[in-house]
Amino acid sequence: MNEQPQGASESSTREPRISQPLYTRPMPGGGYVRVELVESDESAVGAEHLRGRVVMERRTPAPATPEEEHMVVEDLEGDDPNVIMAELFRIARDNAAIARRVLRRQQPIQRTD
């Protein structure tokens with residue numbers, strides 16, 4: 001009998017898995033911000049890349065729609081884990097950096113033509 005680990009028959013187009021948050025802190029006014037490491041499927045990646053992100057989850061009295069449950073504030077990928085993690089932690093600790101990124105994502109794209 002040939003046994004395979006559970007999930008071994010899944011295709012290589014699996015969704016990336018999110019590891020446990022590496023850093024979490026409360027936001028002023030409610031909610032929290034966290035730094036996550038995104039684990040990709042090793043067989044789908046030729047070279048090892050680290051991917052991480054800063055996620056903000058708002059806490060409001062009104063129920064959030066699924067799109068509002070959390071917002072990816074920054075998503076970074078690279079080869080050097082020290083550089084990627086340092087930048088993500090820097091952003092996650094800086095309320096102004098988070099606010100700037102949230103505002104950029106909420107602004108409509110303005111065309112110049």
# chains A, B, ... in the order shown; residues from 1 in each chain; ligands from 1
>>> residues_around(residues="Pro26 (chain A)", least_positions_apart="3", cutoff="12 Å", atoms="only C-alpha atoms", output="list of chain:residue names")
A:Tyr23, A:Gly29, A:Gly30, A:Gly31, A:Tyr32, A:Val33, A:Arg34, A:Val55, A:Met56, A:Glu57, A:Arg58, A:Arg59, A:Ala92, A:Arg93, A:Asp94, A:Asn95
>>> atom_distance(atom1="CA of His49 (chain A)", atom2="CA of Val73 (chain A)")
19.8 Å
